[in-house]
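What follows is the content of upload11.tsv, which has TSV, C-alpha atoms and all ligand atoms:
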```tsv
chain	number	residue	atom	x	y	z
L	909	MET	CA	119.93	22.85	139.50
L	910	SER	CA	116.20	22.67	140.12
L	911	LEU	CA	113.90	23.97	137.43
L	912	PRO	CA	110.16	23.90	136.92
L	913	SER	CA	109.38	21.33	134.31
L	914	TYR	CA	106.09	20.86	132.49
L	915	LEU	CA	104.64	17.63	131.31
L	916	TYR	CA	102.87	18.08	127.97
L	917	LYS	CA	100.31	15.74	126.49
L	918	CYS	CA	99.44	15.56	122.81
L	919	SER	CA	95.76	15.91	121.95
L	920	ALA	CA	96.01	13.47	119.03
L	921	CYS	CA	98.54	10.70	119.77
L	922	GLU	CA	98.43	10.67	123.58
L	923	ARG	CA	102.20	10.83	123.83
L	924	SER	CA	103.63	12.91	126.62
L	925	PHE	CA	106.73	15.08	126.64
L	926	THR	CA	108.56	17.15	129.20
L	927	SER	CA	109.83	20.65	128.59
L	928	ASP	CA	113.45	19.54	129.06
L	929	ASP	CA	113.49	16.51	126.75
L	930	THR	CA	116.09	18.21	124.60
L	931	SER	CA	118.23	19.86	127.28
L	932	GLY	CA	121.77	18.94	128.14
L	933	HIS	CA	125.33	20.09	128.05
L	934	PHE	CA	127.29	18.90	125.03
L	935	SER	CA	130.76	19.54	123.59
L	936	TYR	CA	132.90	18.32	120.74
L	937	GLN	CA	136.49	17.30	121.25
L	938	ALA	CA	138.79	17.51	118.26
L	939	SER	CA	141.63	15.05	117.71
L	940	ASP	CA	144.07	17.60	119.19
L	941	GLY	CA	142.03	17.68	122.43
L	942	PHE	CA	140.47	21.11	121.85
L	943	ARG	CA	136.90	21.26	123.19
L	944	PHE	CA	134.19	23.52	121.91
L	945	PRO	CA	130.41	23.73	122.27
L	946	LEU	CA	128.18	21.38	120.33
L	947	GLU	CA	125.04	23.13	119.13
L	948	GLN	CA	121.96	21.03	119.76
L	949	THR	CA	118.44	21.26	118.48
L	950	GLY	CA	115.21	19.34	119.00
L	951	GLY	CA	114.68	16.21	116.97
L	952	TRP	CA	112.83	12.94	116.87
L	953	CYS	CA	114.87	9.73	117.14
L	954	TYR	CA	113.23	6.64	115.66
L	955	ASP	CA	115.55	4.38	117.65
L	956	CYS	CA	114.90	6.07	121.01
L	957	ASP	CA	111.27	6.59	119.91
L	958	ARG	CA	111.17	9.94	121.64
L	959	HIS	CA	111.91	13.63	121.44
L	960	VAL	CA	115.67	14.05	121.90
L	961	PRO	CA	118.49	16.57	121.52
L	962	VAL	CA	120.20	16.10	118.13
L	963	GLU	CA	123.27	17.68	116.56
L	964	ASP	CA	122.64	20.90	114.71
L	965	LEU	CA	124.98	20.95	111.68
L	966	ARG	CA	123.43	23.92	109.92
L	967	THR	CA	125.84	26.69	109.01
L	968	ASP	CA	123.78	29.78	108.09
L	969	GLY	CA	123.58	31.24	111.62
L	970	LEU	CA	127.15	30.16	112.30
L	971	LEU	CA	128.57	32.07	109.32
L	972	LYS	CA	126.80	35.22	110.46
L	973	ASP	CA	128.10	34.86	114.02
L	974	ILE	CA	131.66	34.39	112.77
L	975	GLU	CA	131.42	37.48	110.58
L	976	SER	CA	130.07	39.69	113.38
L	977	LEU	CA	132.69	38.45	115.87
L	978	ARG	CA	135.47	39.17	113.37
L	979	GLN	CA	134.24	42.73	113.15
L	980	ARG	CA	134.13	43.12	116.92
L	981	ILE	CA	137.76	42.13	117.45
L	982	PRO	CA	139.64	45.45	117.57
L	983	LYS	CA	142.50	46.02	115.18
L	984	ASN	CA	145.03	48.85	115.02
L	985	VAL	CA	144.60	49.97	118.62
L	986	GLY	CA	147.14	52.34	120.19
L	987	PHE	CA	150.18	50.87	121.93
L	988	PHE	CA	149.14	51.90	125.47
L	989	LYS	CA	145.59	50.65	125.05
L	990	SER	CA	146.92	47.33	123.81
L	991	LEU	CA	148.71	46.89	127.17
L	992	SER	CA	145.66	47.48	129.37
L	993	PRO	CA	144.55	44.34	131.26
L	994	SER	CA	140.83	44.89	130.57
L	995	PHE	CA	141.53	45.34	126.87
L	996	LYS	CA	143.61	42.16	126.80
L	997	HIS	CA	140.91	40.30	128.71
L	998	ASP	CA	138.07	41.43	126.39
L	999	THR	CA	140.08	40.71	123.27
L	1000	LYS	CA	140.96	37.25	124.53
L	1001	LEU	CA	137.28	36.47	125.21
L	1002	LEU	CA	136.37	37.45	121.66
L	1003	THR	CA	139.22	35.55	120.02
L	1004	ASP	CA	138.43	32.43	122.09
L	1005	GLN	CA	134.80	32.65	121.04
L	1006	LEU	CA	135.82	33.10	117.42
L	1007	GLU	CA	138.13	30.10	117.59
L	1008	SER	CA	135.28	27.92	118.94
L	1009	LEU	CA	132.97	28.99	116.12
L	1010	GLU	CA	135.63	28.51	113.45
L	1011	ARG	CA	136.42	25.05	114.78
L	1012	ARG	CA	132.73	24.18	114.64
L	1013	LEU	CA	132.45	25.41	111.04
L	1014	ASP	CA	135.53	23.39	110.14
L	1015	LEU	CA	134.06	20.28	111.77
L	1016	ILE	CA	130.79	20.67	109.83
L	1017	LYS	CA	132.65	21.10	106.51
L	1018	ARG	CA	134.74	17.96	107.04
L	1019	ARG	CA	131.91	15.95	108.45
L	1020	SER	CA	131.21	12.71	106.56
L	1021	SER	CA	128.23	11.35	108.54
L	1022	PRO	CA	124.76	12.87	108.98
L	1023	PRO	CA	123.65	14.48	112.28
L	1024	LYS	CA	123.12	12.08	115.17
L	1025	CYS	CA	120.84	11.63	118.15
L	1026	LEU	CA	122.84	12.83	121.17
L	1027	SER	CA	121.18	10.26	123.34
L	1028	CYS	CA	121.86	7.00	121.44
L	1029	GLY	CA	124.08	8.00	118.47
L	1030	SER	CA	121.58	6.91	115.80
L	1031	SER	CA	121.22	8.86	112.55
L	1032	GLU	CA	117.61	7.71	112.19
L	1033	ILE	CA	116.42	11.14	113.22
L	1034	VAL	CA	114.44	14.07	111.95
L	1035	VAL	CA	115.31	17.61	112.96
L	1036	LEU	CA	112.06	19.21	114.03
L	1037	PRO	CA	111.02	22.78	113.45
L	1038	ALA	CA	110.83	24.81	116.67
L	1039	ALA	CA	107.58	23.26	117.76
L	1040	GLY	CA	105.58	26.02	119.47
L	1041	ARG	CA	102.59	24.02	120.63
L	1042	GLY	CA	102.69	21.33	117.97
L	1043	CYS	CA	103.32	17.69	118.81
L	1044	TYR	CA	106.95	16.61	118.33
L	1045	PHE	CA	106.04	13.19	116.95
L	1046	PRO	CA	106.66	13.42	113.17
L	1047	GLY	CA	103.48	13.48	111.15
L	1048	CYS	CA	101.24	14.00	114.16
L	1049	ASN	CA	99.16	17.11	113.80
L	1050	GLY	CA	98.13	17.20	117.43
L	1051	THR	CA	98.81	20.07	119.78
L	1052	LEU	CA	100.51	19.91	123.14
L	1053	HIS	CA	98.76	20.89	126.34
L	1054	ALA	CA	100.46	21.38	129.68
L	1055	ASP	CA	99.30	18.54	131.84
L	1056	GLY	CA	98.91	19.80	135.41
L	1057	GLU	CA	101.17	22.04	137.47
L	1058	PRO	CA	104.90	22.36	136.80
L	1059	ILE	CA	106.91	19.81	138.69
L	1060	GLN	CA	110.21	20.77	140.34
L	1061	ILE	CA	112.78	18.32	139.22
L	1062	SER	CA	116.45	18.30	140.01
L	1063	LEU	CA	118.31	18.60	136.79
L	1064	VAL	CA	121.83	17.39	136.86
L	1065	PHE	CA	123.25	17.56	133.40
L	1066	ASP	CA	126.21	15.42	132.63
L	1067	HIS	CA	128.70	17.05	130.34
L	1068	ARG	CA	128.73	14.80	127.30
L	1069	ILE	CA	131.74	14.97	124.97
L	1070	TYR	CA	131.57	13.82	121.33
L	1071	ASP	CA	134.15	13.30	118.60
L	1072	SER	CA	133.97	15.13	115.28
L	1073	GLU	CA	131.59	12.54	113.81
L	1074	GLY	CA	129.20	12.93	116.74
L	1075	LEU	CA	130.14	9.73	118.57
L	1076	LEU	CA	130.10	9.90	122.36
L	1077	ILE	CA	133.61	9.63	123.78
L	1078	GLN	CA	133.27	10.77	127.39
L	1079	VAL	CA	130.67	11.63	130.02
L	1080	ILE	CA	131.64	13.93	132.88
L	1081	GLU	CA	129.05	13.44	135.62
L	1082	ASP	CA	127.48	16.14	137.78
L	1083	TRP	CA	128.86	18.86	135.65
L	1101	ZN	ZN	100.99	13.74	118.81
L	1102	ZN	ZN	118.31	8.04	119.81
```

File written out as structure tokens:
Amino acid sequence: MSLPSYLYKCSACERSFTSDDTSGHFSYQASDGFRFPLEQTGGWCYDCDRHVPVEDLRTDGLLKDIESLRQRIPKNVGFFKSLSPSFKHDTKLLTDQLESLERRLDLIKRRSSPPKCLSCGSSEIVVLPAAGRGCYFPGCNGTLHADGEPIQISLVFDHRIYDSEGLLIQVIEDW
């Protein structure tokens, strides 16, 4: 995949960032082998000393998504409708989605360690607010300015698989 990527420079601390510092493809794998999406957000890792993707273990949005999916899964449909392939297909999509979200909620509830940096596994991180044009470096009040034209870079995201405590267990290359 080739995407335009911007290099941003901070007006105050001179650090530079790219627009895909926090991109990637991440999943959890439960002890029974079931895989489901890991929600990531932007953070600062003091060990990596850069802007990184970090685990998002917040539940407010998740609870809402689960509730609305539950309402979308049809109940009490007629016998003939329940046999139709498109109905079965749609219902399966919704129930699979719901299962993923419920597994994620369950993981967060049982979780004993704090959120981790998805790059190095450290918990020495801060989750950053969606940073519009503000610098990502914690405490820096600088603003980010696109530095030059977008560069086309080839993005090949590995699929990175983590256990329920956020420790990397497998990397599938060229996903
Ligand atoms: Zn800065
Ligand atoms: Zn790190």

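For the choices L:Ile1059, L:Ala938, L:Val1035, L:Val1079, the atom-to-atom distance to Ser1008 of chain L is smallest for L:Ala938 when using all atoms listed in the file.
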
Leu970 of chain L surroundings by all atoms listed in the file, 10 Å radius, close-in-sequence under 2 positions cut, as a compact mmCIF listing (two decimals) with C-alpha atoms, keeping the file's coordinate frame:
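So the final result, stored in out-v9.txt, reads:
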```
# COMPACT_ATOMS: atom_id res chain seq x y z
CA LEU L 965 124.98 20.95 111.68
CA ARG L 966 123.43 23.92 109.92
CA THR L 967 125.84 26.69 109.01
CA ASP L 968 123.78 29.78 108.09
CA LYS L 972 126.80 35.22 110.46
CA ASP L 973 128.10 34.86 114.02
CA ILE L 974 131.66 34.39 112.77
CA GLU L 975 131.42 37.48 110.58
CA LEU L 1009 132.97 28.99 116.12
CA GLU L 1010 135.63 28.51 113.45
CA ARG L 1012 132.73 24.18 114.64
CA LEU L 1013 132.45 25.41 111.04
```

Top pick for closest residue to ligand ZN 1102 (chain L), considering L:Gln1005, L:Ser927, L:Ser1027, L:Ser919 and counting all atoms listed in the file: L:Ser1027

For Ala1038 of chain L: contacts at 9 Å, all atoms listed in the file, fewer than 4 positions along chain excluded, given as a PyMOL selection string: chain L and resi 949-950+1042

Env. residues ligand ZN 1102 (chain L) / 7 Å / all atoms listed in the file / as JSON, numbers by chain: {"L": [953, 954, 955, 956, 960, 1025, 1026, 1027, 1028, 1029, 1030]}

Residues within 9 Å of ligand ZN 1101 (chain L), counting all atoms listed in the file, as a ChimeraX atom specification: /L:917-924,1042-1052

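Between atom CA of Tyr1070 of chain L and atom CA of Phe934 of chain L lies a distance of 7.6 Å.
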
Pick from L:Asn984, L:Ile1033, L:Gly941, L:His1067 nearest to His959 of chain L, counting all atoms listed in the file: L:Ile1033

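Counting only C-alpha atoms, the residue from L:Asp929, L:Asp1055, L:Glu1081, L:Glu963 that sits nearest to Leu946 of chain L is L:Glu963.
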
Pairwise distance for atom CA of Glu1073 of chain L and atom CA of Pro961 of chain L, rounded to one decimal in Å: 15.7 Å

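If only C-alpha atoms are the atoms counted, then among L:Tyr914, L:Phe944, L:Phe995, L:Phe1065 the closest residue to Ser931 of chain L is L:Phe1065.
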
Proximity to Asp928 of chain L - best of L:Pro1037, L:Lys983, L:Leu1002, L:Val1064, all atoms listed in the file: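 Using all atoms listed in the file, the shortest distance to Asp928 of chain L belongs to L:Val1064.
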
Pairwise distance for atom CA of Lys1024 of chain L and atom CA of Arg943 of chain L, rounded to one decimal in Å: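 It comes out at 18.4 Å.
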